[in-house]
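Here is the structure we will look at, set down as structure tokens.
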Amino acid sequence: MRDGFLIQTLPFFTGALAFLPGCESKSPAVDPTATDATTEPATSSGTATDPTTTTADTSGTQGTSTSPTETSLTTAVDSSESGDPACGGGTCGAPVEDGWFGPTVIARLPPDAELPSCTPEYPNAGPTLLDGFEDPGPAICDCTCELQMAPNCNLSMTSYSLPNCSNWLSSVAVSANCSNVSAPGSLRLSSYGYGVGSCDETEIEEIPPVPWDATIRTCRVPENALACGDGGVCLPAQPAGFEDTWCMYKQGDHECPAGEYANKSLYWSGAEDTRECSNCTCGTAGTNCADAELMVFAGNDCEGDPIGTVGTNTCSNVVGLSVAGTIGAESPCPVTSVPEPMGAVVAQGEFTFCCTG
């Protein structure tokens with residue numbers, strides 16, 4: 001005690017505090033082409049322990065130190081047999097190159113199969129792509145032309161008592177319907193009206209579908225994946241349905257850099273399809289009023305085959321009891337421009353994937 005103050009000496013503990021280094025988070029570049037991306041933080045069952053750190057004996061006795069050489073050897077054996085201890089038993093993957101995205105797992109499925117979802121271990125959905133492009137061939141083109149409106153013709157039959165259309169007897173209107181009209185000597189057919197019909201074109205265009213061998217589903221590691229090794233990243237095992245490999249990818253066609261990600265594959269986002277058919281055009285109706293004919297039958301009601309025909313503005317020495325007019329042939333509309341296939345289909349939007357294994 002000095003001048004009324006009590007000075008008490010307190011004992012201080014002196015010793016060294018050991019700090020355990022842990023894995024730090026690594027945030028890969030964000031893929032601008034990724035769709036449906038979700039970020040779910042990775043979880044850990046405990047803090048990773050540096051295998052080179054000496055553990056104290058909690059029973060009060062001094063623990064046995066392990067030399068750095070022995071520790072490194074033990075770590076190498078554990079990493080090859082049961083994963084990297086720094087990654088909680090997962091794999092320490094090689095770092096991806098600058099400008100590339102990954103590490104990523106991929107699933108290859110038939111084109112119509114349901115795509116697997118990205119898992120919490122690989123939550124970030126990358127681009128969904130296509131593989132195995134096959135050229136389906138050109139468009140299939142055809143054209144038909146049909147008579148839309150027949151020529152509007154008025155037909156008139158003039159009968160004569162003598163051959164060579166002399167000694168006029170009568171003139172009557174005739175049509176495509178049968179008329180029981182006596183034709184005793186010779187006949188002449190006249191026609192007048194709107195002499196040209198119209199045609200209607202029907203274009204046939206068939207575009208074969210584009211076949212693909214497979215659809216590629218891609219999922220990336222989480223943004224906060226643990227870092228390990230020399231700039232690497234901790235990788236859980238590939239989810240069920242995904243291939244036994246890890247990849248990095250980049251839009252465009254590129255060479256894979258030397259290193260762990262060396263196996264190259266090209267996938268596409270789709271195809272540009274410019275296939276079509278050229279125009280189909282029809283000519284004018286192949287018949288008009290000048291092409292009309294008069295069919296003459298030997299008996300009533302136009303039964304049987306005609307015994308003769310009379311063209312427009314011509315005289316015919318034919319004798320019968322019934323007549324019927326006809327205009328043109330059965331297919332009077334010609335195709336004047338046959339449609340031709342044009343364009344092509346080309347795979348586009350390629351992505352380069354460089355994978356392990």
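Going by the structure tokens order, chains are called A, B, ..., each with residues numbered from 1, while ligands are numbered from 1 in the order shown.
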Output as a tab-separated table one row per residue of range 148-222 of chain A within 10 Å of range 226-240 of chain A: the closest atom pair and its distance in Å to one decimal place, counting only C-alpha atoms, sorted by chain and residue number ascending.
residue	atom	partner	partner_atom	distance
A:Cys219	CA	A:Pro239	CA	9.9
A:Val221	CA	A:Leu235	CA	7.4
A:Pro222	CA	A:Leu226	CA	9.1
Near-Thr326 in chain A list (8 Å; only C-alpha atoms; drop same-chain fewer than 6 positions) as an NGL selection string: :A and (175-176 or 292-295)
Would you save the residues of that selection, restricted to C-alpha atoms, as a PDB file, in the first residue's frame?
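Once everything was written out, this is again_10.pdb:
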ATOM      1  CA  SER A 175     -75.956 -26.219-122.885  1.00  0.00           C
ATOM      2  CA  ALA A 176     -74.125 -28.929-121.016  1.00  0.00           C
ATOM      3  CA  ALA A 292     -66.830 -25.343-127.130  1.00  0.00           C
ATOM      4  CA  GLU A 293     -68.143 -28.474-128.839  1.00  0.00           C
ATOM      5  CA  LEU A 294     -71.567 -29.970-129.502  1.00  0.00           C
ATOM      6  CA  MET A 295     -71.946 -33.710-128.925  1.00  0.00           C
TER       7      MET A 295
END
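With only C-alpha atoms as the atoms that count, the residue of A:Pro334, A:Gly357, A:Pro209, A:Gly283 with the shortest distance to Ile140 in chain A is A:Pro209.
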Residue neighbourhood Met342 in chain A, 6 Å, only C-alpha atoms, exclusion window fewer than 5 positions, as a PyMOL selection string: chain A and resi 275-277
Generate the output file for the selected residues, C-alpha atoms, as a tab-separated table (two decimals), in the first residue's frame.
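The result, written out as again-v1.tsv:
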chain	number	residue	atom	x	y	z
A	275	ARG	CA	-36.01	-22.97	-95.95
A	276	GLU	CA	-39.07	-22.12	-98.03
A	277	CYS	CA	-40.60	-22.57	-101.49
Pro332 in chain A surroundings by only C-alpha atoms, 12 Å radius, close-in-sequence under 3 positions cut, as a PyMOL selection string: chain A and resi 144-151+196-200+282-288+291+327-329+335
d(CA of Thr158 in chain A, CA of Arg188 in chain A) in Å: 5.3 Å
Can you check which residues of range 273-339 of chain A DSSP gives as helix (DSSP H, G or I) on the backbone and send them as an mmCIF file with C-alpha atoms, in the first residue's frame?
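Saved as out15.cif:
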data_model
loop_
_atom_site.group_PDB
_atom_site.id
_atom_site.type_symbol
_atom_site.label_atom_id
_atom_site.label_comp_id
_atom_site.auth_asym_id
_atom_site.auth_seq_id
_atom_site.Cartn_x
_atom_site.Cartn_y
_atom_site.Cartn_z
ATOM 1 C CA CYS A 289 -65.868 -20.182 -125.459
ATOM 2 C CA ALA A 290 -64.142 -20.755 -128.790
ATOM 3 C CA ASP A 291 -63.199 -24.260 -127.611
ATOM 4 C CA ASN A 300 -82.953 -39.499 -127.113
ATOM 5 C CA ASP A 301 -81.580 -38.383 -123.703
ATOM 6 C CA CYS A 302 -77.931 -38.461 -124.849
#
Exercise: Ser156 in chain A partners within 8 Å, only C-alpha atoms, chain neighbours under 2 positions left out, as a PyMOL selection string: chain A and resi 154+158+171-174+189-191
Restricted to N, CA and C atoms, what would the selected residues look like written as a PDB file, in the first residue's frame?
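What ended up in again-v7.pdb:
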ATOM      1  N   ASN A 154     -72.441 -18.896-124.050  1.00  0.00           N
ATOM      2  CA  ASN A 154     -73.774 -19.189-124.555  1.00  0.00           C
ATOM      3  C   ASN A 154     -73.628 -19.919-125.886  1.00  0.00           C
ATOM      4  N   THR A 158     -77.608 -24.411-134.881  1.00  0.00           N
ATOM      5  CA  THR A 158     -78.438 -24.151-136.061  1.00  0.00           C
ATOM      6  C   THR A 158     -78.482 -25.423-136.888  1.00  0.00           C
ATOM      7  N   SER A 171     -82.827 -22.500-135.148  1.00  0.00           N
ATOM      8  CA  SER A 171     -81.711 -22.240-134.231  1.00  0.00           C
ATOM      9  C   SER A 171     -82.235 -22.357-132.809  1.00  0.00           C
ATOM     10  N   VAL A 172     -81.545 -23.124-131.956  1.00  0.00           N
ATOM     11  CA  VAL A 172     -81.962 -23.324-130.566  1.00  0.00           C
ATOM     12  C   VAL A 172     -80.744 -23.186-129.649  1.00  0.00           C
ATOM     13  N   ALA A 173     -80.980 -22.743-128.406  1.00  0.00           N
ATOM     14  CA  ALA A 173     -79.917 -22.652-127.398  1.00  0.00           C
ATOM     15  C   ALA A 173     -79.645 -24.030-126.818  1.00  0.00           C
ATOM     16  N   VAL A 174     -78.396 -24.342-126.645  1.00  0.00           N
ATOM     17  CA  VAL A 174     -78.003 -25.619-126.056  1.00  0.00           C
ATOM     18  C   VAL A 174     -77.040 -25.350-124.912  1.00  0.00           C
ATOM     19  N   LEU A 189     -72.475 -24.958-134.875  1.00  0.00           N
ATOM     20  CA  LEU A 189     -72.480 -24.493-133.482  1.00  0.00           C
ATOM     21  C   LEU A 189     -71.884 -23.098-133.409  1.00  0.00           C
ATOM     22  N   SER A 190     -72.545 -22.224-132.673  1.00  0.00           N
ATOM     23  CA  SER A 190     -72.041 -20.871-132.428  1.00  0.00           C
ATOM     24  C   SER A 190     -71.917 -20.666-130.923  1.00  0.00           C
ATOM     25  N   SER A 191     -70.911 -19.901-130.499  1.00  0.00           N
ATOM     26  CA  SER A 191     -70.735 -19.608-129.074  1.00  0.00           C
ATOM     27  C   SER A 191     -70.357 -18.151-128.898  1.00  0.00           C
TER      28      SER A 191
END
For Asp253 in chain A, list every protein, DNA or RNA residue within 10 Å, evaluated using only C-alpha atoms, and leave out those in the same chain fewer than 6 positions away; present the list as a PDB file with C-alpha atoms, in the first residue's frame.
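Writing done, so here's out.pdb:
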ATOM      1  CA  LYS A 264     -13.289 -30.441 -76.395  1.00  0.00           C
ATOM      2  CA  SER A 265     -16.965 -30.726 -77.399  1.00  0.00           C
ATOM      3  CA  LEU A 266     -19.082 -28.305 -79.435  1.00  0.00           C
ATOM      4  CA  TYR A 267     -22.760 -27.790 -78.637  1.00  0.00           C
ATOM      5  CA  GLY A 349     -24.959 -20.383 -81.371  1.00  0.00           C
ATOM      6  CA  GLU A 350     -22.082 -22.757 -80.726  1.00  0.00           C
ATOM      7  CA  PHE A 351     -20.515 -23.219 -77.281  1.00  0.00           C
ATOM      8  CA  THR A 352     -17.144 -24.820 -76.607  1.00  0.00           C
ATOM      9  CA  PHE A 353     -16.999 -27.178 -73.620  1.00  0.00           C
TER      10      PHE A 353
END
